[in-house]
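**Student:** Here you go, this is target-v4.cif (mmCIF, C-alpha atoms).
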data_input
#
loop_
_atom_site.label_atom_id
_atom_site.label_comp_id
_atom_site.auth_asym_id
_atom_site.auth_seq_id
_atom_site.Cartn_x
_atom_site.Cartn_y
_atom_site.Cartn_z
CA MET A 1 -12.41 29.87 -14.35
CA PRO A 2 -11.27 32.40 -16.98
CA LEU A 3 -13.82 33.44 -19.59
CA THR A 4 -13.12 31.77 -22.91
CA VAL A 5 -13.55 33.98 -25.97
CA SER A 6 -11.99 31.95 -28.78
CA PRO A 7 -14.11 29.22 -30.41
CA PRO A 8 -12.97 25.84 -29.06
CA ILE A 9 -10.78 23.45 -31.01
CA SER A 10 -12.62 20.10 -31.13
CA LEU A 11 -10.93 16.71 -31.20
CA ALA A 12 -12.89 13.44 -31.44
CA PHE A 13 -11.63 9.87 -31.09
CA SER A 14 -13.40 6.53 -31.49
CA SER A 15 -10.43 4.55 -30.12
CA ARG A 16 -7.61 5.21 -27.68
CA PRO A 17 -5.78 8.37 -28.86
CA ARG A 18 -2.22 7.66 -29.96
CA ASN A 19 -0.19 10.75 -29.26
CA ALA A 20 3.39 9.51 -29.32
CA GLY A 21 4.30 11.31 -32.56
CA ALA A 22 2.53 14.56 -31.67
CA LEU A 23 3.94 14.45 -28.14
CA PHE A 24 7.48 13.96 -29.43
CA ARG A 25 7.08 16.85 -31.87
CA SER A 26 5.65 19.09 -29.15
CA LEU A 27 8.59 18.28 -26.84
CA LEU A 28 10.97 19.44 -29.56
CA ALA A 29 8.89 22.46 -30.60
CA ALA A 30 10.17 25.89 -29.61
CA ARG A 31 7.20 26.70 -27.41
CA PRO A 32 7.55 29.41 -24.78
CA ALA A 33 7.67 28.76 -21.04
CA GLN A 34 4.86 31.37 -20.68
CA ALA A 35 2.01 31.92 -23.13
CA ALA A 36 1.47 35.33 -24.68
CA PRO A 37 -1.56 37.25 -23.30
CA GLU A 38 -3.49 36.83 -26.55
CA GLN A 39 -3.22 33.04 -26.12
CA HIS A 40 -4.75 32.94 -22.65
CA ASP A 41 -8.24 32.30 -24.01
CA ILE A 42 -7.24 29.06 -25.76
CA ALA A 43 -10.06 26.49 -25.65
CA ILE A 44 -9.71 22.84 -26.64
CA GLN A 45 -12.18 20.03 -26.11
CA ALA A 46 -11.49 16.34 -26.76
CA THR A 47 -13.87 13.35 -26.69
CA TRP A 48 -13.28 9.62 -26.73
CA HIS A 49 -16.35 7.52 -27.50
CA GLY A 50 -16.17 3.93 -26.32
CA ALA A 51 -13.35 4.43 -23.82
CA GLN A 52 -12.26 1.25 -22.07
CA ALA A 53 -9.38 0.19 -19.82
CA ASP A 54 -6.51 -1.69 -21.42
CA ALA A 55 -6.13 -5.06 -19.64
CA LYS A 56 -2.34 -5.10 -19.73
CA ARG A 57 -1.95 -1.51 -18.51
CA LEU A 58 -4.52 -2.04 -15.76
CA LYS A 59 -2.74 -5.16 -14.48
CA GLN A 60 0.61 -3.32 -14.50
CA TYR A 61 -0.93 -0.31 -12.75
CA ARG A 62 -2.25 -2.43 -9.88
CA GLU A 63 1.05 -4.29 -9.56
CA VAL A 64 3.26 -1.18 -9.60
CA CYS A 65 1.10 0.70 -7.08
CA GLY A 66 0.51 -2.35 -4.85
CA LEU A 67 -3.28 -2.03 -5.07
CA THR A 68 -6.00 -4.44 -4.02
CA ASN A 69 -8.30 -5.75 -6.77
CA ALA A 70 -11.94 -5.24 -5.80
CA GLY A 71 -13.22 -5.89 -9.33
CA PHE A 72 -13.67 -2.19 -10.01
CA LEU A 73 -11.31 0.34 -11.54
CA PRO A 74 -9.11 2.05 -8.93
CA PRO A 75 -10.26 5.68 -8.60
CA LEU A 76 -6.92 7.17 -9.64
CA TYR A 77 -6.50 4.75 -12.53
CA LEU A 78 -9.25 6.74 -14.19
CA HIS A 79 -6.85 9.69 -14.30
CA ALA A 80 -4.35 7.44 -16.11
CA GLY A 81 -7.16 6.37 -18.43
CA ALA A 82 -7.81 10.02 -19.25
CA MET A 83 -4.14 10.76 -19.98
CA PRO A 84 -4.49 10.08 -23.73
CA LEU A 85 -7.09 12.87 -23.97
CA HIS A 86 -5.01 15.16 -21.75
CA MET A 87 -1.98 14.60 -23.97
CA ALA A 88 -4.06 15.10 -27.13
CA ILE A 89 -4.91 18.57 -25.82
CA MET A 90 -1.44 19.50 -24.57
CA SER A 91 0.34 18.18 -27.67
CA HIS A 92 -2.01 20.01 -30.06
CA PRO A 93 -0.07 22.46 -32.29
CA GLN A 94 -2.06 25.41 -30.91
CA PHE A 95 -1.47 24.58 -27.24
CA PRO A 96 0.79 27.53 -26.33
CA LEU A 97 2.98 26.22 -23.51
CA ARG A 98 6.16 24.17 -23.34
CA LEU A 99 5.33 20.74 -21.93
CA LEU A 100 8.62 20.15 -20.16
CA GLY A 101 8.61 22.01 -16.88
CA LEU A 102 4.84 21.97 -16.30
CA VAL A 103 3.97 21.29 -12.65
CA HIS A 104 0.91 19.30 -11.54
CA LEU A 105 -0.50 21.40 -8.69
CA SER A 106 -3.72 19.70 -7.64
CA ASN A 107 -6.34 17.18 -8.55
CA SER A 108 -9.96 16.82 -7.48
CA MET A 109 -12.20 13.94 -8.50
CA GLN A 110 -15.69 12.67 -7.81
CA CYS A 111 -16.21 8.92 -8.04
CA LEU A 112 -19.98 8.71 -8.31
CA ARG A 113 -20.29 4.92 -8.66
CA PRO A 114 -18.00 1.90 -9.10
CA ILE A 115 -16.85 1.35 -12.66
CA GLY A 116 -16.22 -2.22 -13.83
CA ASP A 117 -12.72 -3.09 -15.02
CA PHE A 118 -13.73 -3.26 -18.67
CA GLU A 119 -16.89 -1.19 -18.74
CA THR A 120 -17.25 0.88 -21.91
CA LEU A 121 -17.93 4.58 -21.37
CA ASP A 122 -17.62 7.93 -23.11
CA MET A 123 -15.01 10.45 -21.98
CA ASP A 124 -14.69 14.16 -22.60
CA CYS A 125 -12.02 16.62 -21.53
CA GLN A 126 -12.01 20.41 -21.82
CA LEU A 127 -9.48 23.20 -21.46
CA HIS A 128 -11.01 26.63 -20.84
CA GLY A 129 -8.22 29.15 -21.07
CA MET A 130 -5.26 30.04 -18.85
CA GLU A 131 -4.72 32.37 -15.94
CA ALA A 132 -1.67 34.43 -14.95
CA THR A 133 -0.67 34.26 -11.26
CA GLU A 134 2.29 35.51 -9.24
CA ARG A 135 3.95 32.11 -9.49
CA GLY A 136 3.23 31.45 -13.17
CA GLN A 137 0.45 30.59 -15.57
CA THR A 138 -2.12 27.97 -14.58
CA PHE A 139 -4.68 25.98 -16.51
CA THR A 140 -7.19 23.27 -15.60
CA LEU A 141 -8.31 20.20 -17.51
CA HIS A 142 -11.94 19.21 -16.80
CA THR A 143 -12.63 15.53 -17.49
CA ARG A 144 -15.87 13.57 -17.35
CA LEU A 145 -16.70 9.88 -17.77
CA HIS A 146 -20.31 9.13 -18.63
CA THR A 147 -22.66 6.61 -20.13
CA GLY A 148 -25.62 8.22 -21.84
CA SER A 149 -26.88 10.91 -19.49
CA GLU A 150 -25.29 9.31 -16.40
CA THR A 151 -22.05 10.93 -15.23
CA VAL A 152 -20.01 8.36 -13.28
CA TRP A 153 -16.69 10.16 -12.65
CA THR A 154 -15.38 13.71 -12.94
CA GLU A 155 -11.97 15.26 -12.44
CA THR A 156 -10.27 18.64 -12.48
CA SER A 157 -6.49 18.64 -12.83
CA THR A 158 -4.68 21.95 -12.43
CA PHE A 159 -1.21 22.56 -13.85
CA MET A 160 1.21 25.47 -13.71
CA ALA A 161 3.92 26.77 -16.01
CA PRO A 162 6.12 28.28 -13.26
CA LEU A 163 8.01 31.53 -13.50
CA PRO A 164 11.73 31.45 -12.64
CA ARG A 165 12.33 31.77 -8.92
CA SER A 166 13.73 35.11 -7.86
CA GLY A 167 15.57 35.76 -4.60
CA LYS A 168 15.54 33.48 -1.60
CA ARG A 169 12.86 30.90 -1.04
CA ALA A 170 10.33 31.61 1.67
CA PRO A 171 10.89 29.57 4.84
CA PRO A 172 8.73 26.43 4.96
CA ASP A 173 5.51 26.50 6.93
CA ALA A 174 5.56 24.95 10.37
CA LEU A 175 4.53 21.31 10.04
CA PRO A 176 1.57 20.17 12.15
CA ASP A 177 1.90 17.21 14.47
CA TRP A 178 0.02 14.37 12.78
CA GLY A 179 0.99 11.75 15.35
CA ALA A 180 2.19 8.27 14.46
CA PRO A 181 1.88 7.15 10.82
CA VAL A 182 -0.76 4.60 9.83
CA ALA A 183 1.53 3.19 7.11
CA ARG A 184 5.10 3.52 5.96
CA TRP A 185 6.81 2.19 2.83
CA ALA A 186 9.89 2.44 0.64
CA VAL A 187 9.73 3.67 -2.96
CA ALA A 188 12.20 2.03 -5.32
CA GLY A 189 14.51 3.95 -7.61
CA ASN A 190 12.85 2.44 -10.70
CA ALA A 191 9.30 3.30 -9.57
CA GLY A 192 9.10 6.18 -12.05
CA ARG A 193 9.96 4.01 -15.03
CA ARG A 194 7.61 1.24 -13.92
CA PHE A 195 4.70 3.65 -13.41
CA ALA A 196 5.29 5.58 -16.65
CA GLY A 197 4.04 2.72 -18.85
CA PRO A 198 0.61 2.04 -17.33
CA SER A 199 0.04 5.71 -16.46
CA GLY A 200 1.18 7.17 -19.79
CA ASP A 201 3.24 9.85 -18.00
CA TRP A 202 6.78 9.68 -19.44
CA ASN A 203 7.94 13.04 -18.10
CA PRO A 204 11.76 12.71 -18.02
CA ILE A 205 11.98 13.98 -14.43
CA HIS A 206 10.44 10.67 -13.37
CA VAL A 207 12.18 8.05 -15.48
CA SER A 208 15.89 8.35 -14.62
CA ALA A 209 18.42 10.29 -12.58
CA VAL A 210 20.21 11.30 -15.79
CA THR A 211 17.17 12.98 -17.34
CA ALA A 212 16.01 14.40 -13.99
CA ARG A 213 19.35 16.18 -13.57
CA LEU A 214 18.66 18.08 -16.79
CA PHE A 215 15.83 19.80 -14.87
CA GLY A 216 17.73 20.48 -11.68
CA TYR A 217 16.89 17.37 -9.63
CA PRO A 218 19.69 15.25 -8.13
CA ARG A 219 17.69 12.06 -8.72
CA ALA A 220 14.46 11.03 -10.42
CA ILE A 221 11.30 12.07 -8.58
CA GLY A 222 8.27 9.89 -8.02
CA HIS A 223 5.00 10.56 -9.82
CA GLY A 224 2.55 12.33 -7.52
CA MET A 225 -0.34 10.25 -8.84
CA PHE A 226 1.63 7.06 -8.13
CA SER A 227 2.05 8.03 -4.48
CA ALA A 228 -1.57 9.20 -4.24
CA ALA A 229 -2.92 5.95 -5.71
CA ARG A 230 -1.46 3.92 -2.86
CA CYS A 231 -2.67 6.40 -0.24
CA VAL A 232 -6.24 6.29 -1.56
CA ASP A 233 -6.19 2.49 -1.83
CA LEU A 234 -5.13 2.16 1.81
CA LEU A 235 -7.74 4.66 2.99
CA CYS A 236 -10.55 3.00 1.03
CA ARG A 237 -10.01 -0.53 2.34
CA ASP A 238 -12.45 -0.01 5.21
CA LEU A 239 -15.11 1.57 2.99
CA PRO A 240 -17.82 -0.23 1.00
CA ALA A 241 -16.74 -0.76 -2.61
CA CYS A 242 -19.84 1.07 -3.83
CA ALA A 243 -19.29 4.20 -1.71
CA PRO A 244 -19.30 7.39 -3.81
CA LEU A 245 -16.21 9.46 -3.01
CA ASN A 246 -14.74 12.92 -3.41
CA ILE A 247 -10.93 12.96 -3.47
CA ASP A 248 -8.92 16.19 -3.28
CA LEU A 249 -5.14 16.13 -3.75
CA ARG A 250 -2.50 18.84 -3.50
CA PHE A 251 1.03 18.06 -4.63
CA LYS A 252 3.61 19.69 -2.40
CA ARG A 253 7.31 18.77 -2.40
CA PRO A 254 8.92 16.27 -4.78
CA LEU A 255 9.80 12.77 -3.63
CA LEU A 256 13.34 11.88 -4.67
CA ILE A 257 13.62 8.15 -5.42
CA PRO A 258 14.66 5.82 -4.01
CA GLY A 259 13.05 7.15 -0.87
CA GLU A 260 10.74 6.39 2.01
CA VAL A 261 7.36 7.86 2.93
CA ALA A 262 4.92 7.78 5.84
CA LEU A 263 1.14 8.17 5.64
CA HIS A 264 -0.65 10.09 8.40
CA THR A 265 -4.40 10.56 8.76
CA ARG A 266 -6.85 12.64 10.77
CA GLN A 267 -10.54 11.86 10.99
CA GLU A 268 -12.98 14.76 10.69
CA ALA A 269 -16.77 14.92 10.78
CA ASP A 270 -17.42 13.59 7.27
CA SER A 271 -13.96 13.06 5.83
CA THR A 272 -10.43 11.76 6.27
CA ARG A 273 -7.63 14.28 5.94
CA PHE A 274 -4.22 12.80 5.14
CA VAL A 275 -0.63 13.71 4.39
CA LEU A 276 2.16 11.63 2.85
CA ASN A 277 5.46 12.80 4.30
CA VAL A 278 8.93 12.21 2.93
CA LEU A 279 11.26 10.63 5.45
CA PRO A 280 13.42 11.25 7.38
CA ASN A 281 12.57 14.98 7.64
CA GLY A 282 8.79 14.70 7.39
CA GLU A 283 8.29 17.18 4.54
CA PRO A 284 4.83 16.83 2.92
CA HIS A 285 4.80 15.18 -0.50
CA ILE A 286 1.00 15.05 -0.87
CA GLU A 287 -1.84 16.50 1.18
CA GLY A 288 -5.37 15.31 0.60
CA VAL A 289 -8.93 14.88 1.76
CA LEU A 290 -11.12 11.84 1.12
CA ARG A 291 -14.84 12.36 1.70
CA ARG A 292 -17.83 10.08 1.17
CA LEU A 293 -20.58 11.71 -0.88
#
Since I need it in another form, could you write the structure as structure tokens?

**Tutor:**
Amino acid sequence: MPLTVSPPISLAFSSRPRNAGALFRSLLAARPAQAAPEQHDIAIQATWHGAQADAKRLKQYREVCGLTNAGFLPPLYLHAGAMPLHMAIMSHPQFPLRLLGLVHLSNSMQCLRPIGDFETLDMDCQLHGMEATERGQTFTLHTRLHTGSETVWTETSTFMAPLPRSGKRAPPDALPDWGAPVARWAVAGNAGRRFAGPSGDWNPIHVSAVTARLFGYPRAIGHGMFSAARCVDLLCRDLPACAPLNIDLRFKRPLLIPGEVALHTRQEADSTRFVLNVLPNGEPHIEGVLRRL
């Protein structure tokens, strides 16, 4: 993690942050694709006291993702619940990067205990600077859900502002043989629009073919967290509902929708490794590891 020098910008909310206006303004703002070096130490922290799931959004989330209802919040729904704080940070006037074009690289979360559907908790999210890499600038949002001194869920989400590609793309890595899939399903062409509401992620690359083409995609692409939510739900069905979990996700190639995917798994000593491949060619859309704590 880069060392933060600047004093942090602090944001505090006592109800669900409403970022639509700020987000719209930030989308139109003339922000650069890459932050200037003097902006790399940007630090923003946001808190939401009394955070609680919205009943309508939660119901839609379960329906869109095809999830079982065990009476507890789905692990990846908590990422959607944190989106208002994430967007409060990224739509802040001093956040130095253009929002359109950001790529979600990876996500790691610890689910330390089950959280009731409408349990009231406190949430905090922190950005500690940015880092320059060969592929572009990256930054990580660190999020925590807690009640008093008890931390019940944590997450790190890493994003990248990519540099323009130069020259030919490197040949893809050889794909391992995962054997037969444990599940296979179709993803509808309107999945992006349906997931955008309950998740709060209205990135135009997901909502329609027309807006996706503005960013170089022939069709809309599915949300990575939408695909991952179904994978995790399927993998958790044989686990006790109270089992603490660590979930690591890496987002690989985009899933053009409509499309079809296949889930493959491999059991290891203390974890389940999985990949969600895009059919018919078997290119990885998501790679992940689910491990009981």

**Student:** Pull out every residue that the PyMOL selection byres ((chain A and resi 134) around 12) matches in the shown coordinates and put them as a list of chain:residue names.

**Tutor:**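 Against this file, the PyMOL selection byres ((chain A and resi 134) around 12) returns the residues A:Glu131, A:Ala132, A:Thr133, A:Arg135, A:Gly136, A:Gln137, A:Thr138, A:Met160, A:Ala161, A:Pro162, A:Leu163, A:Pro164, A:Arg165, A:Ser166.
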
**Student:** Would you mind telling me which residue in A:Lys252, A:Arg292, A:Arg266, A:Arg194 lies nearest to Ser106 of chain A when using all atoms listed in the file?

**Tutor:**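 Closest to Ser106 of chain A, using all atoms listed in the file: A:Lys252.
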
**Student:** Determine, counting only C-alpha atoms, which protein, DNA and RNA residues have an atom within 7 Å of an atom of Asp124 of chain A; residues of the same chain fewer than 4 positions away are not included. Present the result as a list of chain:residue names.

**Tutor:** A:Ala46, A:Thr47, A:Trp48, A:Thr143, A:Arg144, A:Leu145

**Student:** What residues come out when you apply the PyMOL selection byres ((chain A and resi 77) around 10) to this file, written as a list in words?

**Tutor:**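 After applying the PyMOL selection byres ((chain A and resi 77) around 10), what remains is Ala53, Arg57, Leu58, Tyr61, Arg62, Leu73, Pro74, Pro75, Leu76, Leu78, His79, Ala80, Gly81, Ala82, Met83, Pro198, Ser199, Met225, Phe226 and Ala229 of chain A.
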
**Student:** Which residues come within 9 Å of Arg291 of chain A, counting only C-alpha atoms, excluding same-chain residues fewer than 3 positions away, as a tab-separated table (two decimals) with C-alpha atoms, in the coordinates of the input?

**Tutor:**
chain	number	residue	atom	x	y	z
A	244	PRO	CA	-19.30	7.39	-3.81
A	245	LEU	CA	-16.21	9.46	-3.01
A	246	ASN	CA	-14.74	12.92	-3.41
A	247	ILE	CA	-10.93	12.96	-3.47
A	248	ASP	CA	-8.92	16.19	-3.28
A	270	ASP	CA	-17.42	13.59	7.27
A	271	SER	CA	-13.96	13.06	5.83
A	272	THR	CA	-10.43	11.76	6.27
A	273	ARG	CA	-7.63	14.28	5.94

**Student:** How many Å lie between atom CA of Gln52 of chain A and atom CA of Arg25 of chain A, rounded to one decimal?

**Tutor:**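 Atom CA of Arg25 of chain A lies 26.7 Å from atom CA of Gln52 of chain A.
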
**Student:** Just say which residues the PyMOL selection byres ((chain A and resi 105) around 6) picks in this file, as a list in words.

**Tutor:**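 Checked against the file, the PyMOL selection byres ((chain A and resi 105) around 6) matches Val103, His104, Ser106, Thr158, Phe159 and Phe251 of chain A.
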
**Student:** Print the selection's residues with C-alpha atoms to a file, as an mmCIF file, in the frame of the given file.

**Tutor:**
data_model
loop_
_atom_site.group_PDB
_atom_site.id
_atom_site.type_symbol
_atom_site.label_atom_id
_atom_site.label_comp_id
_atom_site.auth_asym_id
_atom_site.auth_seq_id
_atom_site.Cartn_x
_atom_site.Cartn_y
_atom_site.Cartn_z
ATOM 1 C CA VAL A 103 3.970 21.290 -12.650
ATOM 2 C CA HIS A 104 0.910 19.300 -11.540
ATOM 3 C CA SER A 106 -3.720 19.700 -7.640
ATOM 4 C CA THR A 158 -4.680 21.950 -12.430
ATOM 5 C CA PHE A 159 -1.210 22.560 -13.850
ATOM 6 C CA PHE A 251 1.030 18.060 -4.630
#

**Student:** Go ahead and compute the interatomic distance for atom CA of Thr140 of chain A and atom CA of Gly288 of chain A, in Å to one decimal.

**Tutor:** 18.1 Å

**Student:** Smallest atom-to-atom distance to Arg230 of chain A: which of A:Val152, A:Cys65, A:Ala212, A:Leu127, using all atoms listed in the file?

**Tutor:**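 Answer, going by the shortest atom-to-atom distance: A:Cys65.
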
**Student:** To one decimal in Å, tell me the separation between atom CA of His285 of chain A and atom CA of Cys231 of chain A.

**Tutor:**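 Here the two named atoms are 11.5 Å from each other.
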
**Student:** Generate all heavy atoms for segment 133-144 of chain A and emit them as a PDB file, in the coordinates of the input.

**Tutor:**
ATOM      1  N   THR A 133      -0.762  34.083 -12.709  1.00  0.00           N
ATOM      2  CA  THR A 133      -0.670  34.260 -11.260  1.00  0.00           C
ATOM      3  C   THR A 133       0.737  34.759 -10.926  1.00  0.00           C
ATOM      4  O   THR A 133       1.602  34.859 -11.806  1.00  0.00           O
ATOM      5  CB  THR A 133      -0.936  32.939 -10.512  1.00  0.00           C
ATOM      6  OG1 THR A 133       0.192  32.060 -10.691  1.00  0.00           O
ATOM      7  CG2 THR A 133      -2.191  32.258 -11.037  1.00  0.00           C
ATOM      8  N   GLU A 134       0.967  35.038  -9.653  1.00  0.00           N
ATOM      9  CA  GLU A 134       2.290  35.510  -9.240  1.00  0.00           C
ATOM     10  C   GLU A 134       3.360  34.454  -9.439  1.00  0.00           C
ATOM     11  O   GLU A 134       4.528  34.783  -9.639  1.00  0.00           O
ATOM     12  CB  GLU A 134       2.248  35.927  -7.761  1.00  0.00           C
ATOM     13  CG  GLU A 134       1.431  37.187  -7.496  1.00  0.00           C
ATOM     14  CD  GLU A 134       1.476  37.574  -6.025  1.00  0.00           C
ATOM     15  OE1 GLU A 134       2.076  36.817  -5.225  1.00  0.00           O
ATOM     16  OE2 GLU A 134       0.940  38.651  -5.686  1.00  0.00           O
ATOM     17  N   ARG A 135       2.976  33.204  -9.377  1.00  0.00           N
ATOM     18  CA  ARG A 135       3.950  32.110  -9.490  1.00  0.00           C
ATOM     19  C   ARG A 135       4.117  31.613 -10.916  1.00  0.00           C
ATOM     20  O   ARG A 135       5.088  30.914 -11.223  1.00  0.00           O
ATOM     21  CB  ARG A 135       3.547  30.957  -8.588  1.00  0.00           C
ATOM     22  CG  ARG A 135       3.548  31.302  -7.100  1.00  0.00           C
ATOM     23  CD  ARG A 135       2.989  30.158  -6.289  1.00  0.00           C
ATOM     24  NE  ARG A 135       3.721  28.915  -6.535  1.00  0.00           N
ATOM     25  CZ  ARG A 135       3.250  27.710  -6.247  1.00  0.00           C
ATOM     26  NH1 ARG A 135       2.037  27.582  -5.717  1.00  0.00           N
ATOM     27  NH2 ARG A 135       3.977  26.628  -6.488  1.00  0.00           N
ATOM     28  N   GLY A 136       3.174  31.933 -11.790  1.00  0.00           N
ATOM     29  CA  GLY A 136       3.230  31.450 -13.170  1.00  0.00           C
ATOM     30  C   GLY A 136       1.837  31.327 -13.731  1.00  0.00           C
ATOM     31  O   GLY A 136       0.849  31.722 -13.106  1.00  0.00           O
ATOM     32  N   GLN A 137       1.736  30.754 -14.917  1.00  0.00           N
ATOM     33  CA  GLN A 137       0.450  30.590 -15.570  1.00  0.00           C
ATOM     34  C   GLN A 137      -0.155  29.234 -15.242  1.00  0.00           C
ATOM     35  O   GLN A 137       0.549  28.219 -15.254  1.00  0.00           O
ATOM     36  CB  GLN A 137       0.609  30.747 -17.086  1.00  0.00           C
ATOM     37  CG  GLN A 137       1.020  32.155 -17.488  1.00  0.00           C
ATOM     38  CD  GLN A 137       1.363  32.275 -18.964  1.00  0.00           C
ATOM     39  OE1 GLN A 137       1.452  31.280 -19.676  1.00  0.00           O
ATOM     40  NE2 GLN A 137       1.575  33.501 -19.419  1.00  0.00           N
ATOM     41  N   THR A 138      -1.441  29.213 -14.932  1.00  0.00           N
ATOM     42  CA  THR A 138      -2.120  27.970 -14.580  1.00  0.00           C
ATOM     43  C   THR A 138      -3.230  27.678 -15.580  1.00  0.00           C
ATOM     44  O   THR A 138      -3.798  28.578 -16.195  1.00  0.00           O
ATOM     45  CB  THR A 138      -2.708  28.027 -13.161  1.00  0.00           C
ATOM     46  OG1 THR A 138      -3.717  29.051 -13.109  1.00  0.00           O
ATOM     47  CG2 THR A 138      -1.633  28.328 -12.124  1.00  0.00           C
ATOM     48  N   PHE A 139      -3.537  26.398 -15.712  1.00  0.00           N
ATOM     49  CA  PHE A 139      -4.680  25.980 -16.510  1.00  0.00           C
ATOM     50  C   PHE A 139      -5.228  24.696 -15.908  1.00  0.00           C
ATOM     51  O   PHE A 139      -4.523  23.958 -15.202  1.00  0.00           O
ATOM     52  CB  PHE A 139      -4.307  25.773 -17.988  1.00  0.00           C
ATOM     53  CG  PHE A 139      -3.320  24.664 -18.242  1.00  0.00           C
ATOM     54  CD1 PHE A 139      -3.752  23.374 -18.540  1.00  0.00           C
ATOM     55  CD2 PHE A 139      -1.951  24.905 -18.190  1.00  0.00           C
ATOM     56  CE1 PHE A 139      -2.844  22.354 -18.775  1.00  0.00           C
ATOM     57  CE2 PHE A 139      -1.033  23.894 -18.430  1.00  0.00           C
ATOM     58  CZ  PHE A 139      -1.474  22.614 -18.728  1.00  0.00           C
ATOM     59  N   THR A 140      -6.504  24.430 -16.175  1.00  0.00           N
ATOM     60  CA  THR A 140      -7.190  23.270 -15.600  1.00  0.00           C
ATOM     61  C   THR A 140      -7.831  22.450 -16.700  1.00  0.00           C
ATOM     62  O   THR A 140      -8.480  22.997 -17.599  1.00  0.00           O
ATOM     63  CB  THR A 140      -8.255  23.720 -14.582  1.00  0.00           C
ATOM     64  OG1 THR A 140      -7.612  24.438 -13.518  1.00  0.00           O
ATOM     65  CG2 THR A 140      -8.994  22.529 -14.006  1.00  0.00           C
ATOM     66  N   LEU A 141      -7.648  21.141 -16.618  1.00  0.00           N
ATOM     67  CA  LEU A 141      -8.310  20.200 -17.510  1.00  0.00           C
ATOM     68  C   LEU A 141      -9.503  19.598 -16.774  1.00  0.00           C
ATOM     69  O   LEU A 141      -9.352  19.051 -15.680  1.00  0.00           O
ATOM     70  CB  LEU A 141      -7.340  19.093 -17.941  1.00  0.00           C
ATOM     71  CG  LEU A 141      -6.110  19.557 -18.728  1.00  0.00           C
ATOM     72  CD1 LEU A 141      -5.197  18.372 -19.038  1.00  0.00           C
ATOM     73  CD2 LEU A 141      -6.502  20.273 -20.015  1.00  0.00           C
ATOM     74  N   HIS A 142     -10.691  19.724 -17.377  1.00  0.00           N
ATOM     75  CA  HIS A 142     -11.940  19.210 -16.800  1.00  0.00           C
ATOM     76  C   HIS A 142     -12.321  17.946 -17.554  1.00  0.00           C
ATOM     77  O   HIS A 142     -12.557  17.992 -18.766  1.00  0.00           O
ATOM     78  CB  HIS A 142     -13.053  20.244 -16.925  1.00  0.00           C
ATOM     79  CG  HIS A 142     -12.727  21.563 -16.280  1.00  0.00           C
ATOM     80  ND1 HIS A 142     -13.171  21.894 -15.020  1.00  0.00           N
ATOM     81  CD2 HIS A 142     -11.991  22.620 -16.712  1.00  0.00           C
ATOM     82  CE1 HIS A 142     -12.729  23.108 -14.708  1.00  0.00           C
ATOM     83  NE2 HIS A 142     -12.012  23.560 -15.725  1.00  0.00           N
ATOM     84  N   THR A 143     -12.386  16.821 -16.849  1.00  0.00           N
ATOM     85  CA  THR A 143     -12.630  15.530 -17.490  1.00  0.00           C
ATOM     86  C   THR A 143     -13.881  14.899 -16.910  1.00  0.00           C
ATOM     87  O   THR A 143     -14.136  14.994 -15.704  1.00  0.00           O
ATOM     88  CB  THR A 143     -11.428  14.596 -17.294  1.00  0.00           C
ATOM     89  OG1 THR A 143     -10.230  15.263 -17.713  1.00  0.00           O
ATOM     90  CG2 THR A 143     -11.582  13.324 -18.118  1.00  0.00           C
ATOM     91  N   ARG A 144     -14.626  14.224 -17.777  1.00  0.00           N
ATOM     92  CA  ARG A 144     -15.870  13.570 -17.350  1.00  0.00           C
ATOM     93  C   ARG A 144     -15.991  12.212 -18.030  1.00  0.00           C
ATOM     94  O   ARG A 144     -15.731  12.082 -19.229  1.00  0.00           O
ATOM     95  CB  ARG A 144     -17.077  14.450 -17.708  1.00  0.00           C
ATOM     96  CG  ARG A 144     -18.430  13.885 -17.308  1.00  0.00           C
ATOM     97  CD  ARG A 144     -19.543  14.886 -17.599  1.00  0.00           C
ATOM     98  NE  ARG A 144     -19.735  15.071 -19.022  1.00  0.00           N
ATOM     99  CZ  ARG A 144     -20.826  14.671 -19.695  1.00  0.00           C
ATOM    100  NH1 ARG A 144     -21.820  14.075 -19.052  1.00  0.00           N
ATOM    101  NH2 ARG A 144     -20.927  14.877 -20.988  1.00  0.00           N
TER     102      ARG A 144
END
